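coords34.pdb follows; it contains PDB, C-alpha atoms and all ligand atoms.
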```
ATOM      1  CA  MET H   1      -5.542   6.540  18.065  1.00  0.00           C
ATOM      2  CA  ALA H   2      -7.985   4.005  16.642  1.00  0.00           C
ATOM      3  CA  ILE H   3      -8.516   4.365  12.918  1.00  0.00           C
ATOM      4  CA  SER H   4     -12.175   4.209  11.934  1.00  0.00           C
ATOM      5  CA  HIS H   5     -13.573   1.326   9.927  1.00  0.00           C
ATOM      6  CA  ASP H   6     -14.546   3.633   7.040  1.00  0.00           C
ATOM      7  CA  THR H   7     -10.987   4.940   6.853  1.00  0.00           C
ATOM      8  CA  VAL H   8      -9.491   1.456   6.872  1.00  0.00           C
ATOM      9  CA  THR H   9     -11.863   0.461   4.071  1.00  0.00           C
ATOM     10  CA  GLY H  10     -11.168   3.596   2.028  1.00  0.00           C
ATOM     11  CA  ILE H  11      -7.399   3.285   2.289  1.00  0.00           C
ATOM     12  CA  GLY H  12      -7.693  -0.435   1.600  1.00  0.00           C
ATOM     13  CA  CYS H  13      -9.395   0.401  -1.692  1.00  0.00           C
ATOM     14  CA  ALA H  14      -6.580   2.789  -2.588  1.00  0.00           C
ATOM     15  CA  VAL H  15      -3.923   0.178  -1.727  1.00  0.00           C
ATOM     16  CA  ALA H  16      -5.713  -2.410  -3.868  1.00  0.00           C
ATOM     17  CA  LEU H  17      -5.956  -0.057  -6.837  1.00  0.00           C
ATOM     18  CA  VAL H  18      -2.383   1.268  -6.634  1.00  0.00           C
ATOM     19  CA  ASN H  19      -1.036  -2.277  -6.281  1.00  0.00           C
ATOM     20  CA  THR H  20      -2.554  -3.317  -9.602  1.00  0.00           C
ATOM     21  CA  ASN H  21       0.746  -2.108 -11.028  1.00  0.00           C
ATOM     22  CA  VAL H  22       3.750  -3.266  -9.033  1.00  0.00           C
ATOM     23  CA  ASP H  23       7.306  -3.345 -10.349  1.00  0.00           C
ATOM     24  CA  GLY H  24       5.972  -2.430 -13.769  1.00  0.00           C
ATOM     25  CA  VAL H  25       3.683  -5.469 -13.968  1.00  0.00           C
ATOM     26  CA  GLU H  26       0.228  -4.358 -15.066  1.00  0.00           C
ATOM     27  CA  THR H  27      -2.720  -6.392 -13.799  1.00  0.00           C
ATOM     28  CA  LEU H  28      -5.531  -3.902 -14.376  1.00  0.00           C
ATOM     29  CA  THR H  29      -5.564  -4.810 -18.041  1.00  0.00           C
ATOM     30  CA  ASP H  30      -9.268  -4.901 -18.834  1.00  0.00           C
ATOM     31  CA  VAL H  31     -12.798  -4.331 -17.568  1.00  0.00           C
ATOM     32  CA  ALA H  32     -12.958  -7.853 -16.135  1.00  0.00           C
ATOM     33  CA  ALA H  33      -9.863  -7.182 -14.010  1.00  0.00           C
ATOM     34  CA  LEU H  34     -11.476  -3.992 -12.707  1.00  0.00           C
ATOM     35  CA  ASP H  35     -14.660  -5.907 -11.929  1.00  0.00           C
ATOM     36  CA  ALA H  36     -12.675  -8.500  -9.981  1.00  0.00           C
ATOM     37  CA  LEU H  37     -10.889  -5.767  -8.017  1.00  0.00           C
ATOM     38  CA  LEU H  38     -14.171  -4.094  -7.069  1.00  0.00           C
ATOM     39  CA  ASP H  39     -15.644  -7.452  -6.028  1.00  0.00           C
ATOM     40  CA  ARG H  40     -12.621  -8.192  -3.856  1.00  0.00           C
ATOM     41  CA  GLU H  41     -12.915  -4.811  -2.182  1.00  0.00           C
ATOM     42  CA  GLN H  42     -16.709  -5.220  -1.941  1.00  0.00           C
ATOM     43  CA  PHE H  43     -17.094  -1.870  -3.638  1.00  0.00           C
ATOM     44  CA  SER H  44     -20.823  -1.584  -4.319  1.00  0.00           C
ATOM     45  CA  GLY H  45     -22.781   0.785  -6.545  1.00  0.00           C
ATOM     46  CA  ARG H  46     -22.807   1.680 -10.207  1.00  0.00           C
ATOM     47  CA  ARG H  47     -20.374   0.047 -12.655  1.00  0.00           C
ATOM     48  CA  ASP H  48     -20.499   0.855 -16.341  1.00  0.00           C
ATOM     49  CA  GLY H  49     -18.012  -1.798 -17.428  1.00  0.00           C
ATOM     50  CA  THR H  50     -16.735   0.446 -20.212  1.00  0.00           C
ATOM     51  CA  ALA H  51     -13.264   1.185 -21.524  1.00  0.00           C
ATOM     52  CA  ALA H  52     -13.797   4.823 -20.528  1.00  0.00           C
ATOM     53  CA  GLU H  53     -14.485   3.823 -16.940  1.00  0.00           C
ATOM     54  CA  LEU H  54     -11.336   1.698 -16.893  1.00  0.00           C
ATOM     55  CA  ARG H  55      -9.287   4.628 -18.249  1.00  0.00           C
ATOM     56  CA  GLN H  56     -10.657   6.894 -15.520  1.00  0.00           C
ATOM     57  CA  MET H  57      -9.677   4.371 -12.870  1.00  0.00           C
ATOM     58  CA  LEU H  58      -6.159   4.075 -14.308  1.00  0.00           C
ATOM     59  CA  ALA H  59      -5.829   7.864 -14.164  1.00  0.00           C
ATOM     60  CA  LEU H  60      -7.085   7.810 -10.575  1.00  0.00           C
ATOM     61  CA  ARG H  61      -4.519   5.118  -9.763  1.00  0.00           C
ATOM     62  CA  ARG H  62      -1.695   7.399 -10.916  1.00  0.00           C
ATOM     63  CA  ALA H  63      -3.050  10.203  -8.737  1.00  0.00           C
ATOM     64  CA  LEU H  64      -3.440   7.983  -5.679  1.00  0.00           C
ATOM     65  CA  ARG H  65       0.180   6.836  -5.721  1.00  0.00           C
ATOM     66  CA  THR H  66       1.015  10.439  -4.794  1.00  0.00           C
ATOM     67  CA  ALA H  67      -0.338   9.773  -1.306  1.00  0.00           C
ATOM     68  CA  TRP H  68       2.500   7.279  -0.767  1.00  0.00           C
ATOM     69  CA  GLU H  69       5.222   9.226  -2.517  1.00  0.00           C
ATOM     70  CA  ALA H  70       4.389  12.722  -1.314  1.00  0.00           C
ATOM     71  CA  PRO H  71       7.309  14.576   0.255  1.00  0.00           C
ATOM     72  CA  ASP H  72       5.096  16.275   2.832  1.00  0.00           C
ATOM     73  CA  THR H  73       1.629  16.409   4.363  1.00  0.00           C
ATOM     74  CA  ARG H  74       0.576  19.445   2.350  1.00  0.00           C
ATOM     75  CA  THR H  75       0.935  17.491  -0.899  1.00  0.00           C
ATOM     76  CA  VAL H  76      -1.432  14.821   0.420  1.00  0.00           C
ATOM     77  CA  VAL H  77      -3.803  17.522   1.662  1.00  0.00           C
ATOM     78  CA  GLU H  78      -3.937  18.935  -1.851  1.00  0.00           C
ATOM     79  CA  LEU H  79      -4.557  15.466  -3.271  1.00  0.00           C
ATOM     80  CA  ALA H  80      -7.372  14.749  -0.779  1.00  0.00           C
ATOM     81  CA  ASN H  81      -9.016  18.100  -1.483  1.00  0.00           C
ATOM     82  CA  ARG H  82      -8.755  17.547  -5.221  1.00  0.00           C
ATOM     83  CA  LEU H  83     -10.223  14.027  -4.978  1.00  0.00           C
ATOM     84  CA  LEU H  84     -13.176  15.298  -2.945  1.00  0.00           C
ATOM     85  CA  ARG H  85     -13.701  18.308  -5.205  1.00  0.00           C
ATOM     86  CA  GLU H  86     -13.544  16.361  -8.462  1.00  0.00           C
ATOM     87  CA  ALA H  87     -15.820  13.669  -7.030  1.00  0.00           C
ATOM     88  CA  ARG H  88     -18.278  16.465  -6.142  1.00  0.00           C
ATOM     89  CA  ALA H  89     -18.382  15.118  -2.608  1.00  0.00           C
ATOM     90  CA  LEU H  90     -21.355  16.291  -0.571  1.00  0.00           C
ATOM     91  CA  PRO H  91     -21.657  14.808   2.927  1.00  0.00           C
ATOM     92  CA  ARG H  92     -24.977  13.202   3.800  1.00  0.00           C
ATOM     93  CA  LEU H  93     -25.895  11.024   6.800  1.00  0.00           C
ATOM     94  CA  SER H  94     -27.406   7.655   6.034  1.00  0.00           C
ATOM     95  CA  ASP H  95     -28.595   4.601   7.990  1.00  0.00           C
ATOM     96  CA  HIS H  96     -29.428   2.378   5.026  1.00  0.00           C
ATOM     97  CA  ASP H  97     -29.674  -1.410   5.291  1.00  0.00           C
ATOM     98  CA  GLY H  98     -29.636  -1.443   9.073  1.00  0.00           C
ATOM     99  CA  TRP H  99     -26.237   0.249   9.390  1.00  0.00           C
ATOM    100  CA  ASP H 100     -25.743   2.816  12.111  1.00  0.00           C
ATOM    101  CA  TRP H 101     -25.575   6.474  11.063  1.00  0.00           C
ATOM    102  CA  HIS H 102     -22.616   7.105   8.815  1.00  0.00           C
ATOM    103  CA  LEU H 103     -21.516   9.566   6.175  1.00  0.00           C
ATOM    104  CA  HIS H 104     -21.911   9.155   2.459  1.00  0.00           C
ATOM    105  CA  VAL H 105     -20.362  11.799   0.276  1.00  0.00           C
ATOM    106  CA  THR H 106     -21.552  10.568  -3.128  1.00  0.00           C
ATOM    107  CA  GLU H 107     -24.737   8.948  -4.449  1.00  0.00           C
ATOM    108  CA  SER H 108     -24.596   5.235  -5.286  1.00  0.00           C
ATOM    109  CA  ASP H 109     -25.436   5.992  -8.925  1.00  0.00           C
ATOM    110  CA  ALA H 110     -22.590   8.506  -9.299  1.00  0.00           C
ATOM    111  CA  PRO H 111     -19.774   7.444 -11.676  1.00  0.00           C
ATOM    112  CA  LEU H 112     -17.450   4.785 -10.244  1.00  0.00           C
ATOM    113  CA  VAL H 113     -14.339   6.970 -10.404  1.00  0.00           C
ATOM    114  CA  HIS H 114     -16.117   9.684  -8.371  1.00  0.00           C
ATOM    115  CA  ARG H 115     -17.303   7.296  -5.678  1.00  0.00           C
ATOM    116  CA  PHE H 116     -13.905   5.595  -5.472  1.00  0.00           C
ATOM    117  CA  ALA H 117     -12.024   8.890  -5.334  1.00  0.00           C
ATOM    118  CA  ALA H 118     -14.413  10.218  -2.681  1.00  0.00           C
ATOM    119  CA  GLU H 119     -13.942   7.142  -0.461  1.00  0.00           C
ATOM    120  CA  VAL H 120     -10.187   7.501  -0.657  1.00  0.00           C
ATOM    121  CA  GLY H 121     -10.340  11.284  -0.265  1.00  0.00           C
ATOM    122  CA  MET H 122     -12.347  10.944   2.952  1.00  0.00           C
ATOM    123  CA  ALA H 123      -9.983   8.280   4.279  1.00  0.00           C
ATOM    124  CA  LEU H 124      -6.947  10.454   3.534  1.00  0.00           C
ATOM    125  CA  ALA H 125      -8.644  13.422   5.209  1.00  0.00           C
ATOM    126  CA  ASP H 126      -9.150  11.276   8.287  1.00  0.00           C
ATOM    127  CA  LEU H 127      -5.512  10.136   8.391  1.00  0.00           C
ATOM    128  CA  ILE H 128      -4.303  13.704   7.900  1.00  0.00           C
ATOM    129  CA  ARG H 129      -6.482  15.059  10.744  1.00  0.00           C
ATOM    130  CA  ASP H 130      -5.279  12.316  13.077  1.00  0.00           C
ATOM    131  CA  GLY H 131      -1.619  12.779  12.121  1.00  0.00           C
ATOM    132  CA  GLU H 132      -1.455   9.177  10.879  1.00  0.00           C
ATOM    133  CA  LEU H 133      -0.124   9.707   7.364  1.00  0.00           C
ATOM    134  CA  ASP H 134       3.123   7.934   8.244  1.00  0.00           C
ATOM    135  CA  ARG H 135       1.153   4.697   8.213  1.00  0.00           C
ATOM    136  CA  LEU H 136       1.213   4.881   4.419  1.00  0.00           C
ATOM    137  CA  ARG H 137       4.390   3.143   3.296  1.00  0.00           C
ATOM    138  CA  VAL H 138       6.027   1.774   0.197  1.00  0.00           C
ATOM    139  CA  CYS H 139       7.146  -1.851   0.660  1.00  0.00           C
ATOM    140  CA  ALA H 140      10.622  -2.106   2.197  1.00  0.00           C
ATOM    141  CA  ALA H 141      11.623  -5.108   0.071  1.00  0.00           C
ATOM    142  CA  GLU H 142      14.257  -4.361  -2.502  1.00  0.00           C
ATOM    143  CA  HIS H 143      12.810  -3.717  -5.978  1.00  0.00           C
ATOM    144  CA  CYS H 144       9.205  -3.791  -4.712  1.00  0.00           C
ATOM    145  CA  THR H 145       7.073  -0.745  -5.508  1.00  0.00           C
ATOM    146  CA  ALA H 146       3.892  -1.991  -3.822  1.00  0.00           C
ATOM    147  CA  VAL H 147       2.224   0.251  -1.246  1.00  0.00           C
ATOM    148  CA  LEU H 148       0.733  -0.657   2.109  1.00  0.00           C
ATOM    149  CA  VAL H 149      -1.024   0.829   5.075  1.00  0.00           C
ATOM    150  CA  ASP H 150       0.421  -0.153   8.412  1.00  0.00           C
ATOM    151  CA  LEU H 151      -2.464  -0.710  10.817  1.00  0.00           C
ATOM    152  CA  THR H 152      -0.405  -2.417  13.498  1.00  0.00           C
ATOM    153  CA  ARG H 153      -0.451  -0.889  16.969  1.00  0.00           C
ATOM    154  CA  ASN H 154       3.335  -0.532  17.132  1.00  0.00           C
ATOM    155  CA  ARG H 155       3.674   0.609  13.492  1.00  0.00           C
ATOM    156  CA  SER H 156       5.955  -2.298  12.675  1.00  0.00           C
ATOM    157  CA  ARG H 157       4.709  -3.320   9.262  1.00  0.00           C
ATOM    158  CA  ILE H 158       7.150  -2.638   6.444  1.00  0.00           C
ATOM    159  CA  TYR H 159       6.361  -5.238   3.761  1.00  0.00           C
ATOM    160  CA  CYS H 160       3.453  -5.347   1.317  1.00  0.00           C
ATOM    161  CA  ASP H 161       1.198  -8.329   0.951  1.00  0.00           C
ATOM    162  CA  THR H 162       0.999  -8.416  -2.823  1.00  0.00           C
ATOM    163  CA  GLY H 163       3.711 -11.014  -3.177  1.00  0.00           C
ATOM    164  CA  ASN H 164       5.709 -12.694  -0.530  1.00  0.00           C
ATOM    165  CA  CYS H 165       8.018  -9.812   0.267  1.00  0.00           C
ATOM    166  CA  GLY H 166       8.255 -10.306   4.034  1.00  0.00           C
ATOM    167  CA  ASN H 167       9.201 -13.960   3.642  1.00  0.00           C
ATOM    168  CA  ARG H 168      11.497 -13.361   0.713  1.00  0.00           C
ATOM    169  CA  GLU H 169      13.404 -10.666   2.623  1.00  0.00           C
ATOM    170  CA  HIS H 170      13.708 -12.891   5.681  1.00  0.00           C
ATOM    171  CA  VAL H 171      15.116 -15.699   3.562  1.00  0.00           C
ATOM    172  CA  ALA H 172      17.544 -13.280   1.891  1.00  0.00           C
ATOM    173  CA  ALA H 173      18.659 -11.937   5.282  1.00  0.00           C
ATOM    174  CA  TYR H 174      19.084 -15.490   6.593  1.00  0.00           C
ATOM    175  CA  ARG H 175      21.186 -16.480   3.568  1.00  0.00           C
ATOM    176  CA  ALA H 176      23.281 -13.318   3.923  1.00  0.00           C
ATOM    177  CA  ARG H 177      23.885 -14.109   7.583  1.00  0.00           C
ATOM    178  CA  ARG H 178      24.888 -17.674   6.706  1.00  0.00           C
ATOM    179  CA  ARG H 179      27.291 -16.415   4.034  1.00  0.00           C
ATOM    180  CA  GLU H 180      28.735 -14.033   6.619  1.00  0.00           C
ATOM    181  CA  THR H 181      29.134 -16.806   9.158  1.00  0.00           C
ATOM    182  CA  ALA H 182      30.710 -19.116   6.582  1.00  0.00           C
ATOM    183  CA  ALA H 183      33.081 -16.372   5.407  1.00  0.00           C
ATOM    184  CA  GLY H 184      33.939 -15.527   9.025  1.00  0.00           C
ATOM    185  CA  ALA H 185      34.661 -19.181   9.807  1.00  0.00           C
ATOM    186  CA  GLN H 186      36.889 -19.389   6.732  1.00  0.00           C
ATOM    187  CA  ARG H 187      38.776 -16.248   7.757  1.00  0.00           C
ATOM    188  CA  ARG H 188      39.295 -17.630  11.267  1.00  0.00           C
ATOM    189  CA  GLU H 189      40.460 -20.929   9.799  1.00  0.00           C
ATOM    190  CA  THR H 190      42.918 -19.201   7.486  1.00  0.00           C
ATOM    191  CA  ALA H 191      44.211 -17.101  10.376  1.00  0.00           C
ATOM    192  CA  ALA H 192      44.521 -20.175  12.582  1.00  0.00           C
ATOM    193  CA  GLY H 193      46.311 -21.986   9.776  1.00  0.00           C
ATOM    194  CA  ALA H 194      48.739 -19.080   9.352  1.00  0.00           C
ATOM    195  CA  GLN H 195      49.382 -19.048  13.072  1.00  0.00           C
ATOM    196  CA  ARG H 196      50.052 -22.822  13.102  1.00  0.00           C
ATOM    197  CA  ARG H 197      52.514 -22.407  10.248  1.00  0.00           C
ATOM    198  CA  GLU H 198      54.166 -19.525  12.069  1.00  0.00           C
ATOM    199  CA  THR H 199      54.406 -21.517  15.292  1.00  0.00           C
ATOM    200  CA  ALA H 200      55.882 -24.420  13.347  1.00  0.00           C
ATOM    201  CA  ALA H 201      58.457 -22.100  11.721  1.00  0.00           C
ATOM    202  CA  GLN H 202      59.491 -20.718  15.099  1.00  0.00           C
ATOM    203  CA  ARG H 203      60.298 -24.167  16.458  1.00  0.00           C
TER     204      ARG H 203
HETATM  205 ZN    ZN C 301     -23.385   3.340   3.576  1.00  0.00          ZN
HETATM  206 ZN    ZN C 302       6.599  -5.857  -1.512  1.00  0.00          ZN
END
```
Would you mind giving the structure from this file in structure tokens?
Amino acid sequence: MAISHDTVTGIGCAVALVNTNVDGVETLTDVAALDALLDREQFSGRRDGTAAELRQMLALRRALRTAWEAPDTRTVVELANRLLREARALPRLSDHDGWDWHLHVTESDAPLVHRFAAEVGMALADLIRDGELDRLRVCAAEHCTAVLVDLTRNRSRIYCDTGNCGNREHVAAYRARRRETAAGAQRRETAAGAQRRETAAQR
């Protein structure tokens, strides 16, 4: 099932926001950091640039992590419904700026936290309807709390892209294999040595 562009964008925004705090390292420390995040995600519309707005986004971040840690679909359903309700989402078709007809559920001058929550809420609703929630994953690297959305066709993605988790894990696995091989070789050598000694003793 192809995931729509709007859904990819909405979930991408959620991933970006949630991953501003990974392994206890806070990067959403001020209004400038929030601005940079919104620029990166090309999130248009109203920005107040206030401490209050930042606080609202931090609260939203806590709520959004639920989507990745939820024990079941119903929990995510409740989250999506709450996000849409609190954002006062009201669907409206638009073809602004030469785009084809698409849905907007908030006005561009609505508060940032409402528009952000609504985008994510709609994306979650889409994933839930398509039975694609299992694409939301927490990074498989040890000690990494970053979240990701696996958009690969064969659902093979398990590492985040906040750091270098995929590479780091591969290097760790390679080193572990080498240690194994080295230890195995040593064991074989010791066994061979013991056998030689035994053979010598028998003569
Ligand atoms: Zn639009
Ligand atoms: Zn990771």
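Listed by chain and then by number, the residues chosen by the PyMOL selection byres (((not hetatm)) within 8 of (chain C and resi 301)) in this file are Ser94, Asp95, His96, Trp99, His102, Leu103 and His104 of chain H.
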Only C-alpha atoms, please: the residues just picked out, written as a PDB file, in the frame of the given file.
```
ATOM      1  CA  SER H  94     -27.406   7.655   6.034  1.00  0.00           C
ATOM      2  CA  ASP H  95     -28.595   4.601   7.990  1.00  0.00           C
ATOM      3  CA  HIS H  96     -29.428   2.378   5.026  1.00  0.00           C
ATOM      4  CA  TRP H  99     -26.237   0.249   9.390  1.00  0.00           C
ATOM      5  CA  HIS H 102     -22.616   7.105   8.815  1.00  0.00           C
ATOM      6  CA  LEU H 103     -21.516   9.566   6.175  1.00  0.00           C
ATOM      7  CA  HIS H 104     -21.911   9.155   2.459  1.00  0.00           C
TER       8      HIS H 104
END
```
Given 6 Å and all atoms listed in the file, residues near ligand ZN 302 (chain C) as a ChimeraX atom specification: /H:139,141,144,146,159-160,165
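Between CA of Leu60 in chain H and CA of Val120 in chain H the separation is 10.4 Å.
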When the PyMOL selection byres (((chain H and resi 125) around 12) and not hetatm) is applied to the file above, which residues end up in the set, as a PDB file with C-alpha atoms, in the frame of the given file?
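What ended up in part.pdb:
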```
ATOM      1  CA  ILE H   3      -8.516   4.365  12.918  1.00  0.00           C
ATOM      2  CA  SER H   4     -12.175   4.209  11.934  1.00  0.00           C
ATOM      3  CA  ASP H   6     -14.546   3.633   7.040  1.00  0.00           C
ATOM      4  CA  THR H   7     -10.987   4.940   6.853  1.00  0.00           C
ATOM      5  CA  GLY H  10     -11.168   3.596   2.028  1.00  0.00           C
ATOM      6  CA  ILE H  11      -7.399   3.285   2.289  1.00  0.00           C
ATOM      7  CA  ALA H  67      -0.338   9.773  -1.306  1.00  0.00           C
ATOM      8  CA  THR H  73       1.629  16.409   4.363  1.00  0.00           C
ATOM      9  CA  ARG H  74       0.576  19.445   2.350  1.00  0.00           C
ATOM     10  CA  VAL H  76      -1.432  14.821   0.420  1.00  0.00           C
ATOM     11  CA  VAL H  77      -3.803  17.522   1.662  1.00  0.00           C
ATOM     12  CA  GLU H  78      -3.937  18.935  -1.851  1.00  0.00           C
ATOM     13  CA  LEU H  79      -4.557  15.466  -3.271  1.00  0.00           C
ATOM     14  CA  ALA H  80      -7.372  14.749  -0.779  1.00  0.00           C
ATOM     15  CA  ASN H  81      -9.016  18.100  -1.483  1.00  0.00           C
ATOM     16  CA  ARG H  82      -8.755  17.547  -5.221  1.00  0.00           C
ATOM     17  CA  LEU H  83     -10.223  14.027  -4.978  1.00  0.00           C
ATOM     18  CA  LEU H  84     -13.176  15.298  -2.945  1.00  0.00           C
ATOM     19  CA  ALA H 117     -12.024   8.890  -5.334  1.00  0.00           C
ATOM     20  CA  ALA H 118     -14.413  10.218  -2.681  1.00  0.00           C
ATOM     21  CA  GLU H 119     -13.942   7.142  -0.461  1.00  0.00           C
ATOM     22  CA  VAL H 120     -10.187   7.501  -0.657  1.00  0.00           C
ATOM     23  CA  GLY H 121     -10.340  11.284  -0.265  1.00  0.00           C
ATOM     24  CA  MET H 122     -12.347  10.944   2.952  1.00  0.00           C
ATOM     25  CA  ALA H 123      -9.983   8.280   4.279  1.00  0.00           C
ATOM     26  CA  LEU H 124      -6.947  10.454   3.534  1.00  0.00           C
ATOM     27  CA  ASP H 126      -9.150  11.276   8.287  1.00  0.00           C
ATOM     28  CA  LEU H 127      -5.512  10.136   8.391  1.00  0.00           C
ATOM     29  CA  ILE H 128      -4.303  13.704   7.900  1.00  0.00           C
ATOM     30  CA  ARG H 129      -6.482  15.059  10.744  1.00  0.00           C
ATOM     31  CA  ASP H 130      -5.279  12.316  13.077  1.00  0.00           C
ATOM     32  CA  GLY H 131      -1.619  12.779  12.121  1.00  0.00           C
ATOM     33  CA  GLU H 132      -1.455   9.177  10.879  1.00  0.00           C
ATOM     34  CA  LEU H 133      -0.124   9.707   7.364  1.00  0.00           C
TER      35      LEU H 133
END
```
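Between CA of Asp109 in chain H and CA of Arg85 in chain H lies a distance of 17.4 Å.
For the pair CA of Val149 in chain H and CA of Arg47 in chain H, the separation is 26.3 Å.
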Residue with smallest distance to Val113 in chain H - pool H:Asn164, H:Asn154, H:Gln56, H:Thr75, counting all atoms listed in the file: H:Gln56
If the PyMOL selection byres (((chain H and resi 105) around 6) and not hetatm) is run on the structure shown, which residues does it catch, given as an mmCIF file with C-alpha atoms, keeping the file's coordinate frame?
```
data_model
loop_
_atom_site.group_PDB
_atom_site.id
_atom_site.type_symbol
_atom_site.label_atom_id
_atom_site.label_comp_id
_atom_site.auth_asym_id
_atom_site.auth_seq_id
_atom_site.Cartn_x
_atom_site.Cartn_y
_atom_site.Cartn_z
ATOM 1 C CA ALA H 89 -18.382 15.118 -2.608
ATOM 2 C CA LEU H 90 -21.355 16.291 -0.571
ATOM 3 C CA PRO H 91 -21.657 14.808 2.927
ATOM 4 C CA ARG H 92 -24.977 13.202 3.800
ATOM 5 C CA HIS H 104 -21.911 9.155 2.459
ATOM 6 C CA THR H 106 -21.552 10.568 -3.128
#
```
I'd like a table as JSON lines: residues in range 134-165 of chain H with an atom no more than 10 Å from range 21-38 of chain H, each row giving the shortest atom pair and its distance in Å to one decimal, all atoms listed in the file counted, sorted by chain and rising residue number.
```
{"residue": "H:His143", "atom": "CA", "partner": "H:Asp23", "partner_atom": "CA", "distance": 7.0}
{"residue": "H:Cys144", "atom": "CA", "partner": "H:Asp23", "partner_atom": "CA", "distance": 6.0}
{"residue": "H:Thr145", "atom": "CA", "partner": "H:Val22", "partner_atom": "CA", "distance": 5.5}
{"residue": "H:Ala146", "atom": "CA", "partner": "H:Val22", "partner_atom": "CA", "distance": 5.4}
{"residue": "H:Val147", "atom": "CA", "partner": "H:Val22", "partner_atom": "CA", "distance": 8.7}
{"residue": "H:Thr162", "atom": "CA", "partner": "H:Val22", "partner_atom": "CA", "distance": 8.5}
{"residue": "H:Gly163", "atom": "CA", "partner": "H:Val22", "partner_atom": "CA", "distance": 9.7}
```
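Near (-9.3, 5.7, -8.6), the residues inside the 8 Å limit, counting all atoms listed in the file, come to Ala14, Leu17, Gln56, Met57, Leu58, Ala59, Leu60, Arg61, Ala63, Leu64, Val113, His114, Phe116 and Ala117 of chain H.
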Padding of 8 Å on every side, edges along x, y and z, all listed atoms of range 95-105 of chain H included: what centre and edge lengths in Å, to one decimal, does that box have, as AutoDock Vina command-line options?
```
--center_x -25.0 --center_y 5.2 --center_z 6.2 --size_x 25.3 --size_y 29.2 --size_z 27.8
```
Shell around Ser108 in chain H at 9 Å using only C-alpha atoms, local window under 6 positions removed, as a ChimeraX atom specification: /H:44-46,115
